[in-house]
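Structure file target_22.txt (compact mmCIF, C-alpha atoms) follows.
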```txt
# COMPACT_ATOMS: atom_id res chain seq x y z
CA MET A 672 18.03 80.92 -0.39
CA LYS A 673 14.70 82.68 0.07
CA VAL A 674 11.93 82.14 -2.46
CA ILE A 675 8.56 83.61 -3.28
CA ALA A 676 6.69 80.70 -4.81
CA GLU A 677 3.27 79.67 -6.05
CA PHE A 678 1.98 76.19 -6.52
CA THR A 679 -1.13 74.78 -8.10
CA VAL A 680 -1.89 71.15 -7.44
CA ILE A 681 -4.05 69.36 -10.00
CA PRO A 682 -5.17 65.87 -8.93
CA VAL A 683 -5.79 63.67 -11.97
CA GLY A 684 -7.91 60.55 -12.17
CA THR A 685 -10.22 61.52 -9.33
CA GLY A 686 -13.48 63.40 -9.43
CA VAL A 687 -14.13 66.76 -11.00
CA SER A 688 -14.15 68.59 -7.66
CA LEU A 689 -10.67 69.35 -6.40
CA SER A 690 -11.39 71.60 -3.42
CA GLU A 691 -11.07 68.77 -0.90
CA TYR A 692 -7.51 68.18 -2.09
CA VAL A 693 -6.58 71.84 -2.17
CA ALA A 694 -7.91 72.18 1.38
CA THR A 695 -5.71 69.27 2.42
CA CYS A 696 -2.66 71.03 0.98
CA GLU A 697 -3.61 74.19 2.86
CA ARG A 698 -3.59 72.18 6.06
CA VAL A 699 -0.16 70.81 5.15
CA LEU A 700 1.05 74.37 4.69
CA ALA A 701 -0.58 75.51 7.94
CA GLY A 702 1.51 72.90 9.72
CA THR A 703 4.78 74.30 8.38
CA GLY A 704 4.70 77.78 9.86
CA LEU A 705 5.39 79.23 6.40
CA HIS A 706 3.55 82.36 5.31
CA TYR A 707 1.09 81.44 2.56
CA GLU A 708 -1.98 82.79 0.81
CA LEU A 709 -4.63 80.84 -1.07
CA HIS A 710 -6.02 82.45 -4.20
CA ALA A 711 -8.32 81.35 -7.02
CA ASN A 712 -5.58 79.69 -9.09
CA GLY A 713 -3.07 78.45 -6.56
CA THR A 714 -1.33 79.19 -3.31
CA ASN A 715 1.46 81.70 -2.78
CA VAL A 716 4.08 80.83 -0.20
CA GLU A 717 7.36 82.39 0.85
CA GLY A 718 10.32 81.13 2.83
CA ASP A 719 13.45 79.09 2.57
CA TRP A 720 13.78 77.09 -0.67
CA GLU A 721 14.07 73.77 1.15
CA GLU A 722 11.10 74.35 3.43
CA VAL A 723 8.84 75.49 0.61
CA MET A 724 9.76 72.54 -1.60
CA GLN A 725 9.37 70.08 1.26
CA ALA A 726 5.88 71.43 1.89
CA ILE A 727 4.91 70.87 -1.74
CA LYS A 728 6.39 67.38 -1.66
CA HIS A 729 4.50 66.62 1.54
CA CYS A 730 1.31 67.77 -0.16
CA HIS A 731 1.90 65.24 -2.96
CA GLU A 732 2.56 62.49 -0.42
CA VAL A 733 -0.62 63.20 1.54
CA LEU A 734 -2.81 63.37 -1.56
CA HIS A 735 -1.43 60.09 -2.88
CA GLU A 736 -2.15 58.54 0.54
CA MET A 737 -5.73 59.83 0.16
CA GLY A 738 -5.97 57.78 -3.03
CA VAL A 739 -5.15 60.32 -5.74
CA PRO A 740 -3.37 58.25 -8.41
CA ARG A 741 -1.72 61.09 -10.30
CA ILE A 742 -0.87 64.72 -9.59
CA SER A 743 0.28 67.52 -11.87
CA THR A 744 1.66 70.51 -10.02
CA ILE A 745 2.80 73.82 -11.40
CA VAL A 746 5.29 75.74 -9.29
CA LYS A 747 6.58 79.25 -9.87
CA ILE A 748 9.77 80.00 -8.00
CA GLY A 749 11.20 83.49 -7.70
CA THR A 750 14.61 84.20 -6.22
CA ARG A 751 16.53 87.44 -6.16
CA VAL A 752 19.86 88.45 -4.73
CA ASP A 753 19.68 92.21 -5.31
CA ARG A 754 17.43 92.69 -2.32
CA ILE A 755 15.09 90.98 0.10
CA GLN A 756 11.42 91.15 -0.85
CA THR A 757 8.22 89.71 0.59
CA MET A 758 4.98 88.75 -1.14
CA ASP A 759 3.24 91.72 0.46
CA GLU A 760 5.90 94.07 -0.83
CA LYS A 761 5.54 92.72 -4.37
CA VAL A 762 1.84 93.52 -4.40
CA ALA A 763 2.35 96.89 -2.68
CA SER A 764 5.00 97.83 -5.23
CA VAL A 765 2.58 97.26 -8.10
CA ARG A 766 -0.30 99.05 -6.39
CA ALA A 767 1.88 102.10 -5.76
CA LYS A 768 2.37 102.44 -9.52
CA GLN A 769 -1.22 101.91 -10.64
CA MET B 308 9.02 59.56 -5.00
CA LYS B 309 9.73 59.60 -8.74
CA VAL B 310 8.83 62.68 -10.77
CA ILE B 311 8.62 63.68 -14.39
CA ALA B 312 9.32 67.39 -14.32
CA GLU B 313 9.93 70.35 -16.56
CA PHE B 314 11.58 73.61 -15.67
CA THR B 315 11.97 76.89 -17.47
CA VAL B 316 14.42 79.35 -16.00
CA ILE B 317 13.86 83.02 -16.84
CA PRO B 318 16.71 85.31 -15.75
CA VAL B 319 15.42 88.83 -15.08
CA GLY B 320 17.39 92.06 -15.05
CA THR B 321 20.07 90.84 -17.43
CA GLY B 322 20.23 91.09 -21.19
CA VAL B 323 17.62 89.97 -23.67
CA SER B 324 19.56 86.84 -24.65
CA LEU B 325 19.07 84.00 -22.19
CA SER B 326 20.75 81.10 -24.00
CA GLU B 327 24.00 81.46 -22.06
CA TYR B 328 22.08 80.92 -18.83
CA VAL B 329 20.04 78.03 -20.15
CA ALA B 330 23.26 76.40 -21.36
CA THR B 331 24.69 76.80 -17.86
CA CYS B 332 21.67 75.02 -16.38
CA GLU B 333 22.09 72.21 -18.92
CA ARG B 334 25.65 71.77 -17.69
CA VAL B 335 24.36 71.65 -14.11
CA LEU B 336 21.94 68.91 -15.15
CA ALA B 337 24.65 67.05 -17.05
CA GLY B 338 26.61 66.86 -13.81
CA THR B 339 23.76 65.17 -11.94
CA GLY B 340 23.41 61.99 -13.96
CA LEU B 341 19.67 62.63 -14.28
CA HIS B 342 17.96 61.96 -17.61
CA TYR B 343 16.96 65.27 -19.18
CA GLU B 344 15.93 66.75 -22.51
CA LEU B 345 16.18 70.35 -23.62
CA HIS B 346 13.33 71.68 -25.76
CA ALA B 347 12.28 75.05 -27.08
CA ASN B 348 10.42 76.13 -23.94
CA GLY B 349 12.22 74.39 -21.10
CA THR B 350 13.96 71.23 -20.02
CA ASN B 351 12.30 67.95 -19.13
CA VAL B 352 13.93 65.88 -16.42
CA GLU B 353 12.98 62.72 -14.58
CA GLY B 354 14.21 61.10 -11.40
CA ASP B 355 13.86 61.22 -7.67
CA TRP B 356 11.99 64.28 -6.34
CA GLU B 357 14.90 65.39 -4.16
CA GLU B 358 17.51 65.06 -6.89
CA VAL B 359 15.44 66.90 -9.46
CA MET B 360 14.65 69.77 -7.08
CA GLN B 361 18.26 69.99 -5.94
CA ALA B 362 19.35 70.31 -9.56
CA ILE B 363 16.94 73.20 -10.12
CA LYS B 364 18.09 74.88 -6.94
CA HIS B 365 21.70 74.44 -7.98
CA CYS B 366 20.89 76.06 -11.30
CA HIS B 367 19.51 79.12 -9.44
CA GLU B 368 22.64 79.27 -7.29
CA VAL B 369 25.01 79.12 -10.25
CA LEU B 370 23.12 81.76 -12.23
CA HIS B 371 23.06 84.13 -9.25
CA GLU B 372 26.82 83.59 -8.88
CA MET B 373 27.16 84.56 -12.56
CA GLY B 374 25.54 87.87 -11.69
CA VAL B 375 21.88 87.29 -12.51
CA PRO B 376 20.01 89.40 -9.93
CA ARG B 377 16.60 87.77 -10.24
CA ILE B 378 15.24 84.50 -11.58
CA SER B 379 11.70 83.36 -12.28
CA THR B 380 11.38 79.64 -12.79
CA ILE B 381 8.34 77.62 -13.76
CA VAL B 382 8.37 73.98 -12.75
CA LYS B 383 5.86 71.31 -13.70
CA ILE B 384 5.98 68.28 -11.45
CA GLY B 385 4.15 65.06 -12.25
CA THR B 386 3.90 62.18 -9.81
CA ARG B 387 1.82 59.05 -10.07
CA VAL B 388 1.41 56.02 -7.87
CA ASP B 389 -0.74 53.87 -10.16
CA ARG B 390 2.27 52.85 -12.22
CA ILE B 391 5.85 53.73 -13.13
CA GLN B 392 6.22 55.83 -16.27
CA THR B 393 9.14 57.46 -18.06
CA MET B 394 9.24 60.58 -20.21
CA ASP B 395 9.80 58.44 -23.30
CA GLU B 396 6.77 56.33 -22.46
CA LYS B 397 4.60 59.45 -22.07
CA VAL B 398 5.45 60.60 -25.58
CA ALA B 399 5.15 57.08 -27.03
CA SER B 400 1.73 56.68 -25.43
CA VAL B 401 0.44 59.81 -27.17
CA ARG B 402 2.00 58.94 -30.52
CA ALA B 403 0.40 55.48 -30.43
CA LYS B 404 -3.02 57.17 -30.31
CA GLN B 405 -2.50 59.81 -33.00
CA MET C 556 2.52 89.30 -33.25
CA LYS C 557 4.53 86.09 -33.48
CA VAL C 558 4.75 83.81 -30.44
CA ILE C 559 6.70 80.78 -29.36
CA ALA C 560 4.33 78.99 -27.01
CA GLU C 561 3.93 75.80 -25.06
CA PHE C 562 0.74 74.32 -23.73
CA THR C 563 0.00 71.45 -21.41
CA VAL C 564 -3.59 70.31 -21.24
CA ILE C 565 -4.66 68.51 -18.07
CA PRO C 566 -8.12 66.93 -18.27
CA VAL C 567 -9.68 66.71 -14.80
CA GLY C 568 -12.45 64.40 -13.65
CA THR C 569 -11.73 61.71 -16.20
CA GLY C 570 -9.50 58.68 -15.90
CA VAL C 571 -5.86 58.62 -14.90
CA SER C 572 -4.65 58.11 -18.48
CA LEU C 573 -4.52 61.35 -20.43
CA SER C 574 -2.73 60.27 -23.61
CA GLU C 575 -5.96 59.89 -25.58
CA TYR C 576 -6.75 63.56 -24.91
CA VAL C 577 -3.26 64.78 -25.68
CA ALA C 578 -3.37 62.83 -28.96
CA THR C 579 -6.66 64.56 -29.78
CA CYS C 580 -5.04 67.96 -29.22
CA GLU C 581 -2.16 66.94 -31.48
CA ARG C 582 -4.68 66.19 -34.22
CA VAL C 583 -6.25 69.60 -33.66
CA LEU C 584 -2.81 71.17 -34.09
CA ALA C 585 -2.07 69.06 -37.15
CA GLY C 586 -5.16 70.57 -38.75
CA THR C 587 -3.94 74.13 -38.27
CA GLY C 588 -0.77 74.07 -40.34
CA LEU C 589 1.14 75.52 -37.38
CA HIS C 590 4.62 74.16 -36.60
CA TYR C 591 4.45 72.18 -33.36
CA GLU C 592 6.42 69.62 -31.38
CA LEU C 593 5.14 67.22 -28.76
CA HIS C 594 7.40 66.57 -25.78
CA ALA C 595 7.08 64.77 -22.47
CA ASN C 596 5.48 67.69 -20.62
CA GLY C 597 3.55 69.57 -23.25
CA THR C 598 3.52 70.74 -26.84
CA ASN C 599 5.56 73.59 -28.29
CA VAL C 600 3.98 75.59 -31.06
CA GLU C 601 4.95 78.74 -32.93
CA GLY C 602 3.05 81.14 -35.10
CA ASP C 603 0.73 84.10 -35.01
CA TRP C 604 -0.72 84.86 -31.56
CA GLU C 605 -4.31 84.53 -32.73
CA GLU C 606 -3.78 81.25 -34.55
CA VAL C 607 -1.93 79.65 -31.64
CA MET C 608 -4.55 80.73 -29.11
CA GLN C 609 -7.39 79.60 -31.37
CA ALA C 610 -5.77 76.17 -31.64
CA ILE C 611 -5.60 75.86 -27.85
CA LYS C 612 -9.20 77.01 -27.52
CA HIS C 613 -10.26 74.50 -30.17
CA CYS C 614 -8.49 71.77 -28.22
CA HIS C 615 -10.55 72.68 -25.11
CA GLU C 616 -13.76 72.61 -27.16
CA VAL C 617 -13.03 69.20 -28.66
CA LEU C 618 -12.07 67.65 -25.31
CA HIS C 619 -15.23 68.99 -23.66
CA GLU C 620 -17.24 67.51 -26.55
CA MET C 621 -15.52 64.18 -25.83
CA GLY C 622 -16.94 64.38 -22.31
CA VAL C 623 -14.09 65.89 -20.31
CA PRO C 624 -15.87 67.97 -17.65
CA ARG C 625 -12.96 70.16 -16.62
CA ILE C 626 -9.62 71.17 -18.14
CA SER C 627 -6.63 72.94 -16.64
CA THR C 628 -4.18 74.19 -19.22
CA ILE C 629 -0.83 75.86 -18.70
CA VAL C 630 0.40 78.05 -21.52
CA LYS C 631 3.79 79.71 -21.85
CA ILE C 632 3.83 82.56 -24.33
CA GLY C 633 7.03 84.17 -25.51
CA THR C 634 7.07 87.30 -27.65
CA ARG C 635 10.03 89.44 -28.65
CA VAL C 636 10.40 92.52 -30.79
CA ASP C 637 14.19 92.76 -30.86
CA ARG C 638 14.44 90.03 -33.47
CA ILE C 639 12.61 87.13 -35.11
CA GLN C 640 13.37 83.75 -33.60
CA THR C 641 12.07 80.23 -34.19
CA MET C 642 11.80 77.30 -31.79
CA ASP C 643 14.62 75.53 -33.61
CA GLU C 644 16.85 78.60 -33.25
CA LYS C 645 16.16 78.77 -29.50
CA VAL C 646 17.39 75.22 -29.00
CA ALA C 647 20.35 75.68 -31.37
CA SER C 648 21.39 78.83 -29.53
CA VAL C 649 21.59 76.96 -26.23
CA ARG C 650 23.37 73.96 -27.73
CA ALA C 651 26.01 76.23 -29.29
CA LYS C 652 26.93 77.44 -25.79
CA GLN C 653 27.00 74.10 -24.01
CA MET D 950 -16.58 79.57 -23.28
CA LYS D 951 -15.99 80.96 -19.80
CA VAL D 952 -12.53 80.71 -18.26
CA ILE D 953 -10.92 81.26 -14.91
CA ALA D 954 -7.38 82.24 -15.78
CA GLU D 955 -4.18 83.51 -14.26
CA PHE D 956 -1.33 85.22 -16.02
CA THR D 957 2.14 86.21 -14.94
CA VAL D 958 4.02 88.55 -17.24
CA ILE D 959 7.81 88.46 -17.03
CA PRO D 960 9.54 91.24 -18.99
CA VAL D 961 13.02 90.13 -20.07
CA GLY D 962 15.96 92.33 -21.02
CA THR D 963 14.85 95.30 -18.94
CA GLY D 964 15.72 96.17 -15.37
CA VAL D 965 15.34 93.98 -12.34
CA SER D 966 12.22 95.80 -11.14
CA LEU D 967 9.08 94.64 -12.91
CA SER D 968 6.36 96.36 -10.90
CA GLU D 969 6.00 99.22 -13.39
CA TYR D 970 5.15 96.70 -16.10
CA VAL D 971 2.78 94.70 -13.92
CA ALA D 972 1.01 97.95 -13.01
CA THR D 973 0.65 98.73 -16.70
CA CYS D 974 -0.99 95.35 -17.29
CA GLU D 975 -3.34 96.00 -14.39
CA ARG D 976 -4.42 99.22 -16.10
CA VAL D 977 -4.98 97.28 -19.32
CA LEU D 978 -7.20 94.88 -17.39
CA ALA D 979 -9.02 97.72 -15.65
CA GLY D 980 -9.98 99.02 -19.09
CA THR D 981 -11.62 95.75 -20.09
CA GLY D 982 -14.36 95.52 -17.49
CA LEU D 983 -13.24 91.97 -16.67
CA HIS D 984 -13.14 90.86 -13.04
CA TYR D 985 -9.51 90.44 -11.97
CA GLU D 986 -7.39 90.18 -8.85
CA LEU D 987 -3.71 90.93 -8.48
CA HIS D 988 -1.72 88.65 -6.19
CA ALA D 989 1.94 88.15 -5.35
CA ASN D 990 2.66 85.84 -8.29
CA GLY D 991 0.28 86.92 -11.00
CA THR D 992 -3.19 88.17 -11.76
CA ASN D 993 -6.37 86.12 -11.73
CA VAL D 994 -9.03 87.04 -14.23
CA GLU D 995 -12.33 85.50 -15.27
CA GLY D 996 -14.59 85.96 -18.26
CA ASP D 997 -15.06 84.93 -21.83
CA TRP D 998 -12.08 83.11 -23.39
CA GLU D 999 -11.70 85.65 -26.18
CA GLU D 1000 -11.86 88.68 -23.92
CA VAL D 1001 -9.38 87.29 -21.43
CA MET D 1002 -6.89 86.31 -24.13
CA GLN D 1003 -7.28 89.65 -25.89
CA ALA D 1004 -6.48 91.42 -22.62
CA ILE D 1005 -3.28 89.40 -22.21
CA LYS D 1006 -2.31 90.07 -25.82
CA HIS D 1007 -2.99 93.77 -25.33
CA CYS D 1008 -0.74 93.72 -22.29
CA HIS D 1009 2.09 92.29 -24.41
CA GLU D 1010 1.52 94.96 -27.05
CA VAL D 1011 1.60 97.81 -24.56
CA LEU D 1012 4.74 96.54 -22.82
CA HIS D 1013 6.56 96.14 -26.13
CA GLU D 1014 5.53 99.71 -27.03
CA MET D 1015 7.07 100.80 -23.70
CA GLY D 1016 10.36 99.31 -24.89
CA VAL D 1017 10.34 95.85 -23.37
CA PRO D 1018 12.20 93.71 -25.94
CA ARG D 1019 11.05 90.28 -24.77
CA ILE D 1020 8.22 88.94 -22.62
CA SER D 1021 7.62 85.50 -21.14
CA THR D 1022 4.10 84.98 -19.89
CA ILE D 1023 2.65 82.03 -18.07
CA VAL D 1024 -1.10 81.57 -18.37
CA LYS D 1025 -3.26 79.07 -16.53
CA ILE D 1026 -6.62 78.51 -18.16
CA GLY D 1027 -9.40 76.60 -16.48
CA THR D 1028 -12.62 75.66 -18.25
CA ARG D 1029 -15.40 73.41 -17.07
CA VAL D 1030 -18.69 72.34 -18.56
CA ASP D 1031 -20.15 70.49 -15.57
CA ARG D 1032 -21.15 73.75 -13.90
CA ILE D 1033 -20.56 77.48 -13.79
CA GLN D 1034 -18.01 78.61 -11.21
CA THR D 1035 -16.46 81.94 -10.28
CA MET D 1036 -13.04 82.71 -8.80
CA ASP D 1037 -14.69 83.66 -5.51
CA GLU D 1038 -16.54 80.36 -5.40
CA LYS D 1039 -13.31 78.41 -6.00
CA VAL D 1040 -11.69 80.00 -2.96
CA ALA D 1041 -14.84 79.69 -0.84
CA SER D 1042 -15.13 76.01 -1.72
CA VAL D 1043 -11.61 75.33 -0.42
CA ARG D 1044 -12.09 77.42 2.71
CA ALA D 1045 -15.29 75.55 3.56
CA LYS D 1046 -13.29 72.32 3.70
CA GLN D 1047 -10.31 73.56 5.71
```
For this file, produce the structure as structure tokens.
Amino acid sequence: MKVIAEFTVIPVGTGVSLSEYVATCERVLAGTGLHYELHANGTNVEGDWEEVMQAIKHCHEVLHEMGVPRISTIVKIGTRVDRIQTMDEKVASVRAKQ
Amino acid sequence: MKVIAEFTVIPVGTGVSLSEYVATCERVLAGTGLHYELHANGTNVEGDWEEVMQAIKHCHEVLHEMGVPRISTIVKIGTRVDRIQTMDEKVASVRAKQ
Amino acid sequence: MKVIAEFTVIPVGTGVSLSEYVATCERVLAGTGLHYELHANGTNVEGDWEEVMQAIKHCHEVLHEMGVPRISTIVKIGTRVDRIQTMDEKVASVRAKQ
Amino acid sequence: MKVIAEFTVIPVGTGVSLSEYVATCERVLAGTGLHYELHANGTNVEGDWEEVMQAIKHCHEVLHEMGVPRISTIVKIGTRVDRIQTMDEKVASVRAKQ
């Protein structure tokens, strides 16, 4: 099952700056071969359900190994069976109607 | 890795009433043996990362088989390595401080 | 416009325990007269859009005054114009179909 | 109070294609003067708390006027008092550490 997902990782109980941890998750994603895009409030990623979820889990594991005691992550997961759609097509579809 | 999670399944492209689909997901959860709690804006569930995520995936699969063309799901995932905590303890911890 | 909402406040850059802050937000809500329910992953609240959003904003203000440097909050907002619905009715509607 | 926010509007009980409604919300945002960015899973927007929330409320109002019976919106709200930060700076801060 293909998904278009977004995840936002919020390390808790560490310092106020989170960019080091977000950068670490980006490196985890870079190692997966999945297509992903960082934005100001999270990271969009598309691919097979299992691969996307494993990447997010791996991100949690790596951050905990770095010493983060607690993590709150928000994931949006979109699936559709009426047609295949990519992240780029979603954005293009909106822009075409603006 | 243990998680305390919440998921909210939003079927898109079907009717305005979603309770039938939420009830179906509750039955999926009931079949897993995981501890879960329905509330007005989603379902809380705790357990092993893999089992929780598989349950959510299974919910998507069943709803698509029922004819739902598109699903948007929001998942909150909490992990912590400083100590073990249950959903009931989270709520009790807040109530003790109110 | 009436809303059924949920919010989860995640204080960042403080300690690993967040229950003190969640309890503070519950007291803010208690002062509003709005109907709300704490659960393991957030707080459900229903009422007028403006009142609900003001309560969440007030919660941010109070936590920042307590010394929390950074807050990430996730809000789910549900509105519908086909009929009036309460949080209790949402849950009852699902349970009736289980 | 300044916020960096993200919102994802999910019209329920309409067709499976949502891009028309997302485009409408983008036009609502364009009329506010707020800085915003569409991405594949939502729209990032920054500015004063009140203005950002009013824009999201206005989006709900316009979609309901278009005939959407029910809307589920997910909002992420970030506030911080340790320093001023923009959406562009958040992304740049992560990229500098990758």
Quiz item: Would you list which chain D residues are within 6 Å of chain C using only C-alpha atoms, as an NGL selection string?
Solution: :D and (1018-1031)
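Candidate residues B:Glu344, B:Tyr328, B:Thr350, B:Met373 were compared for distance to Asp395 (chain B), and the nearest is B:Glu344, using all atoms listed in the file.
Picture a line from CA of Val971 (chain D) to CA of Val765 (chain A); it runs 6.4 Å.
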Quiz prompt | Protein/DNA/RNA residues near (-13.2, 73.9, 6.9), cut 10 Å, only C-alpha atoms, as a ChimeraX atom specification | solution = /A:691,694-695,698 /D:1041-1047
All in-order C-alpha pairs, least squares, chain A moved onto chain C. Output the fitted coordinates as a compact mmCIF listing (two decimals) with C-alpha atoms, in the frame of the given file, please.
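Output file superposed.txt follows:
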```txt
# COMPACT_ATOMS: atom_id res chain seq x y z
CA MET A 672 2.50 89.29 -33.25
CA LYS A 673 4.53 86.09 -33.47
CA VAL A 674 4.75 83.80 -30.45
CA ILE A 675 6.71 80.78 -29.36
CA ALA A 676 4.34 78.99 -27.02
CA GLU A 677 3.93 75.79 -25.05
CA PHE A 678 0.75 74.33 -23.73
CA THR A 679 0.00 71.46 -21.41
CA VAL A 680 -3.58 70.30 -21.24
CA ILE A 681 -4.65 68.51 -18.06
CA PRO A 682 -8.12 66.93 -18.26
CA VAL A 683 -9.69 66.71 -14.80
CA GLY A 684 -12.47 64.41 -13.66
CA THR A 685 -11.73 61.70 -16.20
CA GLY A 686 -9.50 58.68 -15.91
CA VAL A 687 -5.87 58.62 -14.91
CA SER A 688 -4.64 58.12 -18.48
CA LEU A 689 -4.51 61.36 -20.43
CA SER A 690 -2.73 60.28 -23.61
CA GLU A 691 -5.96 59.89 -25.57
CA TYR A 692 -6.75 63.55 -24.91
CA VAL A 693 -3.26 64.78 -25.68
CA ALA A 694 -3.37 62.84 -28.95
CA THR A 695 -6.65 64.56 -29.79
CA CYS A 696 -5.03 67.96 -29.24
CA GLU A 697 -2.15 66.94 -31.49
CA ARG A 698 -4.66 66.19 -34.21
CA VAL A 699 -6.24 69.61 -33.65
CA LEU A 700 -2.82 71.17 -34.08
CA ALA A 701 -2.06 69.06 -37.16
CA GLY A 702 -5.16 70.56 -38.75
CA THR A 703 -3.94 74.13 -38.27
CA GLY A 704 -0.77 74.06 -40.34
CA LEU A 705 1.15 75.50 -37.37
CA HIS A 706 4.61 74.16 -36.59
CA TYR A 707 4.46 72.19 -33.35
CA GLU A 708 6.43 69.63 -31.39
CA LEU A 709 5.14 67.22 -28.75
CA HIS A 710 7.41 66.58 -25.79
CA ALA A 711 7.07 64.77 -22.47
CA ASN A 712 5.48 67.70 -20.62
CA GLY A 713 3.55 69.58 -23.26
CA THR A 714 3.53 70.74 -26.84
CA ASN A 715 5.57 73.58 -28.29
CA VAL A 716 3.98 75.59 -31.07
CA GLU A 717 4.96 78.73 -32.93
CA GLY A 718 3.05 81.15 -35.11
CA ASP A 719 0.74 84.10 -35.00
CA TRP A 720 -0.71 84.86 -31.55
CA GLU A 721 -4.30 84.53 -32.74
CA GLU A 722 -3.78 81.25 -34.55
CA VAL A 723 -1.93 79.65 -31.65
CA MET A 724 -4.55 80.72 -29.12
CA GLN A 725 -7.39 79.60 -31.36
CA ALA A 726 -5.78 76.18 -31.63
CA ILE A 727 -5.60 75.86 -27.85
CA LYS A 728 -9.20 77.01 -27.53
CA HIS A 729 -10.27 74.50 -30.16
CA CYS A 730 -8.49 71.79 -28.19
CA HIS A 731 -10.56 72.68 -25.11
CA GLU A 732 -13.76 72.62 -27.17
CA VAL A 733 -13.03 69.20 -28.66
CA LEU A 734 -12.08 67.65 -25.32
CA HIS A 735 -15.23 68.98 -23.66
CA GLU A 736 -17.24 67.51 -26.56
CA MET A 737 -15.51 64.18 -25.83
CA GLY A 738 -16.95 64.37 -22.32
CA VAL A 739 -14.09 65.89 -20.31
CA PRO A 740 -15.87 67.96 -17.64
CA ARG A 741 -12.96 70.16 -16.62
CA ILE A 742 -9.63 71.16 -18.13
CA SER A 743 -6.63 72.95 -16.64
CA THR A 744 -4.18 74.20 -19.22
CA ILE A 745 -0.84 75.85 -18.70
CA VAL A 746 0.40 78.05 -21.52
CA LYS A 747 3.79 79.71 -21.83
CA ILE A 748 3.84 82.55 -24.32
CA GLY A 749 7.04 84.18 -25.51
CA THR A 750 7.09 87.30 -27.65
CA ARG A 751 10.03 89.43 -28.64
CA VAL A 752 10.40 92.51 -30.77
CA ASP A 753 14.20 92.75 -30.88
CA ARG A 754 14.42 90.03 -33.49
CA ILE A 755 12.60 87.15 -35.11
CA GLN A 756 13.35 83.75 -33.61
CA THR A 757 12.07 80.23 -34.19
CA MET A 758 11.79 77.30 -31.79
CA ASP A 759 14.63 75.54 -33.60
CA GLU A 760 16.84 78.58 -33.24
CA LYS A 761 16.16 78.78 -29.50
CA VAL A 762 17.37 75.23 -29.00
CA ALA A 763 20.32 75.68 -31.38
CA SER A 764 21.37 78.83 -29.53
CA VAL A 765 21.58 76.95 -26.24
CA ARG A 766 23.37 73.96 -27.74
CA ALA A 767 26.00 76.23 -29.29
CA LYS A 768 26.91 77.44 -25.80
CA GLN A 769 26.99 74.09 -24.01
```
Quiz item: In Å, with one decimal, what is the gap from CA of Lys557 (chain C) to CA of His590 (chain C)?
Solution: 12.3 Å
Practice problem: Go ahead and compute the interatomic distance for CA of Leu341 (chain B) and CA of Gly597 (chain C), in Å to one decimal. | Solution: 19.7 Å
All file atoms of region 675-686 of chain A boxed axis-aligned, 5 Å per side, centre plus edges, as AutoDock Vina command-line options:
```
--center_x -2.5 --center_y 72.1 --center_z -7.7 --size_x 32.0 --size_y 33.1 --size_z 18.9
```
For region 976-984 of chain D in the structure I just supplied, write out N, CA, C and O atoms - as a CSV table (one decimal), in the first residue's frame.
```csv
chain,number,residue,atom,x,y,z
D,976,ARG,N,-6.4,30.8,-1.6
D,976,ARG,CA,-6.9,32.2,-2.0
D,976,ARG,C,-7.3,33.0,-0.7
D,976,ARG,O,-7.1,34.2,-0.6
D,977,VAL,N,-7.9,32.3,0.2
D,977,VAL,CA,-8.2,32.9,1.5
D,977,VAL,C,-6.9,33.5,2.2
D,977,VAL,O,-6.9,34.6,2.6
D,978,LEU,N,-5.9,32.6,2.2
D,978,LEU,CA,-4.6,33.0,2.8
D,978,LEU,C,-4.0,34.2,2.0
D,978,LEU,O,-3.5,35.1,2.6
D,979,ALA,N,-4.1,34.1,0.7
D,979,ALA,CA,-3.5,35.1,-0.2
D,979,ALA,C,-4.1,36.5,0.2
D,979,ALA,O,-3.4,37.5,0.0
D,980,GLY,N,-5.4,36.5,0.6
D,980,GLY,CA,-6.1,37.7,0.9
D,980,GLY,C,-5.7,38.3,2.2
D,980,GLY,O,-6.1,39.4,2.6
D,981,THR,N,-4.9,37.6,3.0
D,981,THR,CA,-4.6,38.0,4.4
D,981,THR,C,-3.3,38.8,4.5
D,981,THR,O,-3.1,39.6,5.4
D,982,GLY,N,-2.4,38.6,3.5
D,982,GLY,CA,-1.1,39.3,3.6
D,982,GLY,C,-0.2,38.4,4.4
D,982,GLY,O,1.0,38.8,4.6
D,983,LEU,N,-0.6,37.3,5.0
D,983,LEU,CA,0.3,36.5,5.8
D,983,LEU,C,1.3,35.7,4.9
D,983,LEU,O,0.9,35.5,3.7
D,984,HIS,N,2.4,35.4,5.4
D,984,HIS,CA,3.4,34.6,4.7
D,984,HIS,C,3.0,33.1,4.8
D,984,HIS,O,2.9,32.7,5.9
```
